[in-house]
Amino acid sequence: MALTMERLGVWIGAALTFAIYSFLYKDNPVYKIAEQIFVGISAGYWFIYTIFNILKPNLYTPLTSDFGNNTLLVLPAILGIFMLCRLVPKINWVSRYAISVVVGTTAGLALIRTLQSDVITQMSETIMNPFSGPNAAVILGKWILIIGTTTGIIYFFFSKKHTGAFGATAKLGIVFLMISFGAAFGYTVMARISLLIGRLQYLLGEWLGIIQP
Amino acid sequence: MKKIFVFCVLLFLFGSSVWASSNVPLTAQDHPDDDGSAIDLSWKYEGELPFSIWIERSKDGKDFELISKIAPAKTYITDGKNIKPGNQYYYRLKFVDAQSNIMASTDIVKAKSEAQWFNSRRTPLLVMVIILSAAILYFILSARKGKHLFIRKIAGLDTIEEAVGRATELGKPLLFVPGIMDLDNIQTLAGLNILSHLAKKVAKYDSTLYVPVSKSMVLSTAKEIVKEAYLKVGRPDAFDSDSVFYLTDDQFGYVAGVDGIIVREKPAATFYLGAFYAESLILAETGFESGAIQIAGTAMPSQIPFFVAACDYTLIGEELFAASAYLSDQPNQLGCLKGQDVGKALILITIFVGIILDIFGVNIITNFLQMK
């Protein structure tokens with residue numbers, strides 16, 4: 001019975017894969033069905049996931065099993081209840097407090113995190129002697145890093161028009177950015193191809209059994 | 001005489017073995033700049049390389065427990081296993097061979113773990129936050145006093161008006177995608193700021209706007225923003241609460257849903273502003289196929305290339321954050337942007353000065369940034 005259900009699951013998976021891929025031709029009823037199933041099931045799945053993997057272990061269980069040591073958790077619980085107030089039109093304004101806490105905390109945390117991980121690290125890695133190095137390639141690399149970083153920063157300067165020498169420097173900055181985007185594009189496309197390979201392995205392996213999964 | 005000689009030999013052997021087992025100097029001290037949850041141990045072992053080093057810990061200096069076995073070449077370790085701030089701990093190390101015979105050991109040393117109020121390693125961060133905050137506050141106050149703050153044109157933003165106008169003429173809707181991350185992502189907030197501006201234009205032109213979201217908090221916020229925009233232009237009755245709707249938390253489920261909306265509703269313009277991952281190209285490509293004007297903006301370095309390739313305008317990185325200030329024309333946001341520009345100028349100056357000093361062998365700035 002279990003084996004039959006497992007095979008049935010594989011067949012449904014294969015059918016839905018083809019249904020989704022049919023979008024490559026054009027929008028059609030088969031795709032629409034697969035899309036609705038996907039959206040509906042995933043929404044339901046995440047709802048249950050949130051309850052059992054986030055709400056229960058992080059809030060309900062600590063509060064019910066050891067309230068004394070987890071008193072602080074009452075605060076997020078109250079904020080969560082505030083969010084639910086959206087369902088009652090008369091008091092839905094209460095949810096704004098919860099949103100404010102999330103937005104304010106996010107901005108504060110992001111400021112410190114970004115300054116530490118992006119700004120300070122990038123600065124300290126850029127400050128180097130561009131004339132020293134074991135060979136010409138290393139020295140060239142240092143120059144590219146310094147010029148790329150500084151011109152990139154100049155591109156993101158909003159207080160001055162990109163004209164004249166300043167504009168030319170900013171243009172050089174965007175050239176560096178575009179080169180890095182090109183490299184990222186190629187790298188990510190390779191990752192996408194691995195997703196396609198994964199799907200093909202599913203179809204040819206688990207479904208048709210032509211290759212060993 | 002013979003007995004005395006044998007006694008002396010035995011005494012020497014015993015003494016030397018005792019000396020050998022406790023000749024390794026060990027120091028233990030509170031780990032600096034932490035919350036009192038770690039103690040640093042360091043030692044100098046000069047004998048034959050052992051097979052392993054055993055670290056033993058005690059709370060009373062009598063009952064020791066083995067807490068870790070580490071590689072023989074190590075000369076220091078930070079013990080962070082169940083250390084409580086304000087408590088005293090005793091340590092001793094044993095250097096053992098492959099058969100677990102003790103080759104040498106250290107004396108018992110003690111250390112008290114303490115929490116520090118100030119993490120000195122983050123001094124550069126503090127300096128930067130103070131300078132940035134001061135610059136931002138100065139420019140906010142200047143803007144409030146009526147001083148004109150110039151912000152350069154950001155390509156793509158002027159297209160918003162054009163896109164809304166085009167949608168109204170064609171009788172087609174507009175689609176706004178705020179990314180797949182929650183409100184705890186600053187890019188989502190930046191995207192929602194632009195949504196506010198877009199919703200005002202939509203309300204003004206009496207066009208239709210769809211905002212599918214993938215997170216419940218974003219749903220609440222986006223609804224509030226769009227509702228407020230309609231209120232601000234004096235058309236609260238025109239607000240359709242169903243225009244901002246939840247699809248699913250699942251990344252690709254969300255993409256499937258948005259793709260369906262694009263191909264069926266054929267929006268005149270699509271806006272992808274927020275944090276995106278692998279769905280960026282799928283969304284942008286579908287929008288491109290449908291013939292919509294596409295404006296995207298994200299600070300995800302790996303996704304910007306896809307938007308650049310498939311969209312008409314792309315806000316790259318910080319342009320996304322600057323866009324809301326540019327659009328709003330509010331003193332607070334403009335002052336923020338100006339203050340950040342001052343920060344960037346200081347960063348550039350620091351880099352140049354640091355490089356010049358580095359050329360002459362002075363690493364003062366690098367050392368300060370890395371807090372060596």
# chains A, B, ... in the order shown; residues from 1 in each chain; ligands from 1
$ select_by_dssp --residues "segment 246-367 of chain B" --states "alpha helix (DSSP H)" --output "PyMOL selection string"
chain B and resi 251-265+279-290+304-310+318-328+331-359+364-367
$ closest_residue --among "A:Arg7, A:Arg113, A:Lys32, A:Lys26" --to "Val258 of chain B" --atoms "only C-alpha atoms"
A:Lys32
$ residues_around --residues "segment 59-75 of chain A" --least-positions-apart "6" --cutoff "12 Å" --atoms "only C-alpha atoms" --output "list in words"
Thr50, Ile51, Phe52, Asn53, Ile81, Phe82, Tyr97, Ala98 and Val101 of chain A
$ write_last_selection --atoms "C-alpha atoms" --output "mmCIF file, in the first residue's frame"
data_model
loop_
_atom_site.group_PDB
_atom_site.id
_atom_site.type_symbol
_atom_site.label_atom_id
_atom_site.label_comp_id
_atom_site.auth_asym_id
_atom_site.auth_seq_id
_atom_site.Cartn_x
_atom_site.Cartn_y
_atom_site.Cartn_z
ATOM 1 C CA THR A 50 4.763 28.245 10.959
ATOM 2 C CA ILE A 51 2.577 26.881 13.734
ATOM 3 C CA PHE A 52 4.569 23.732 14.486
ATOM 4 C CA ASN A 53 8.126 24.878 13.681
ATOM 5 C CA ILE A 81 -1.995 39.315 19.161
ATOM 6 C CA PHE A 82 -1.816 42.950 18.005
ATOM 7 C CA TYR A 97 2.351 49.019 16.884
ATOM 8 C CA ALA A 98 3.564 45.527 16.042
ATOM 9 C CA VAL A 101 8.428 47.446 16.356
#
$ atom_distance --atom1 "atom CA of Leu369 of chain B" --atom2 "atom CA of Val175 of chain A"
28.2 Å
$ interface_residues --of "chain A" --to "chain B" --cutoff "7 Å" --atoms "only C-alpha atoms" --output "ChimeraX atom specification"
/A:27,35,38-39,42-43,46,102-103,106-107,110,115-116,120,123-124,126-129,150,153,156-161,181-182,184-185
$ residues_around --residues "Gly156 of chain B" --least-positions-apart "4" --cutoff "8 Å" --atoms "only C-alpha atoms" --output "ChimeraX atom specification"
/B:160,295,312-315
$ write_last_selection --atoms "N, CA and C atoms" --output "PDB file, in the first residue's frame"
ATOM      1  N   ILE B 160       7.912  56.059 -13.586  1.00  0.00           N
ATOM      2  CA  ILE B 160       6.737  55.617 -12.820  1.00  0.00           C
ATOM      3  C   ILE B 160       5.490  56.352 -13.301  1.00  0.00           C
ATOM      4  N   ILE B 295      10.187  47.936 -14.274  1.00  0.00           N
ATOM      5  CA  ILE B 295      11.118  48.684 -13.426  1.00  0.00           C
ATOM      6  C   ILE B 295      11.445  47.791 -12.225  1.00  0.00           C
ATOM      7  N   ASP B 312      13.387  47.258 -18.166  1.00  0.00           N
ATOM      8  CA  ASP B 312      13.701  48.522 -18.838  1.00  0.00           C
ATOM      9  C   ASP B 312      14.581  49.408 -17.960  1.00  0.00           C
ATOM     10  N   TYR B 313      14.291  49.433 -16.677  1.00  0.00           N
ATOM     11  CA  TYR B 313      15.090  50.226 -15.743  1.00  0.00           C
ATOM     12  C   TYR B 313      15.370  49.388 -14.500  1.00  0.00           C
ATOM     13  N   THR B 314      16.576  49.516 -14.004  1.00  0.00           N
ATOM     14  CA  THR B 314      16.917  48.769 -12.790  1.00  0.00           C
ATOM     15  C   THR B 314      17.573  49.699 -11.776  1.00  0.00           C
ATOM     16  N   LEU B 315      17.043  49.697 -10.587  1.00  0.00           N
ATOM     17  CA  LEU B 315      17.670  50.449  -9.496  1.00  0.00           C
ATOM     18  C   LEU B 315      18.691  49.516  -8.860  1.00  0.00           C
TER      19      LEU B 315
END
$ select_by_dssp --residues "segment 66-183 of chain B" --states "strand (DSSP E)" --output "ChimeraX atom specification"
/B:66-70,76-79,88-96,102-105,109-112,174-179
$ atom_distance --atom1 "atom CA of Phe176 of chain A" --atom2 "atom CA of Lys142 of chain A"
14.1 Å
$ closest_residue --among "B:Val177, B:Ile194, B:Ala229, B:Val362" --to "Val211 of chain B" --atoms "only C-alpha atoms"
B:Val177
$ residues_around --residues "Lys44 of chain B" --least-positions-apart "6" --cutoff "9 Å" --atoms "only C-alpha atoms" --output "count of residues only"
5
$ atom_distance --atom1 "atom CA of Asn119 of chain B" --atom2 "atom CA of Lys81 of chain B"
20.6 Å
$ residues_around --residues "Gln294 of chain B" --least-positions-apart "3" --cutoff "9 Å" --atoms "only C-alpha atoms" --output "ChimeraX atom specification"
/B:163,268-272,284,287-288,291,307,310-314
$ closest_residue --among "B:Gln330, B:Ser243, B:Thr106, B:Gln187" --to "Tyr210 of chain B" --atoms "only C-alpha atoms"
B:Ser243
$ closest_residue --among "B:Leu198, B:Tyr277, B:Met371, B:Ala104" --to "Thr159 of chain B" --atoms "only C-alpha atoms"
B:Leu198
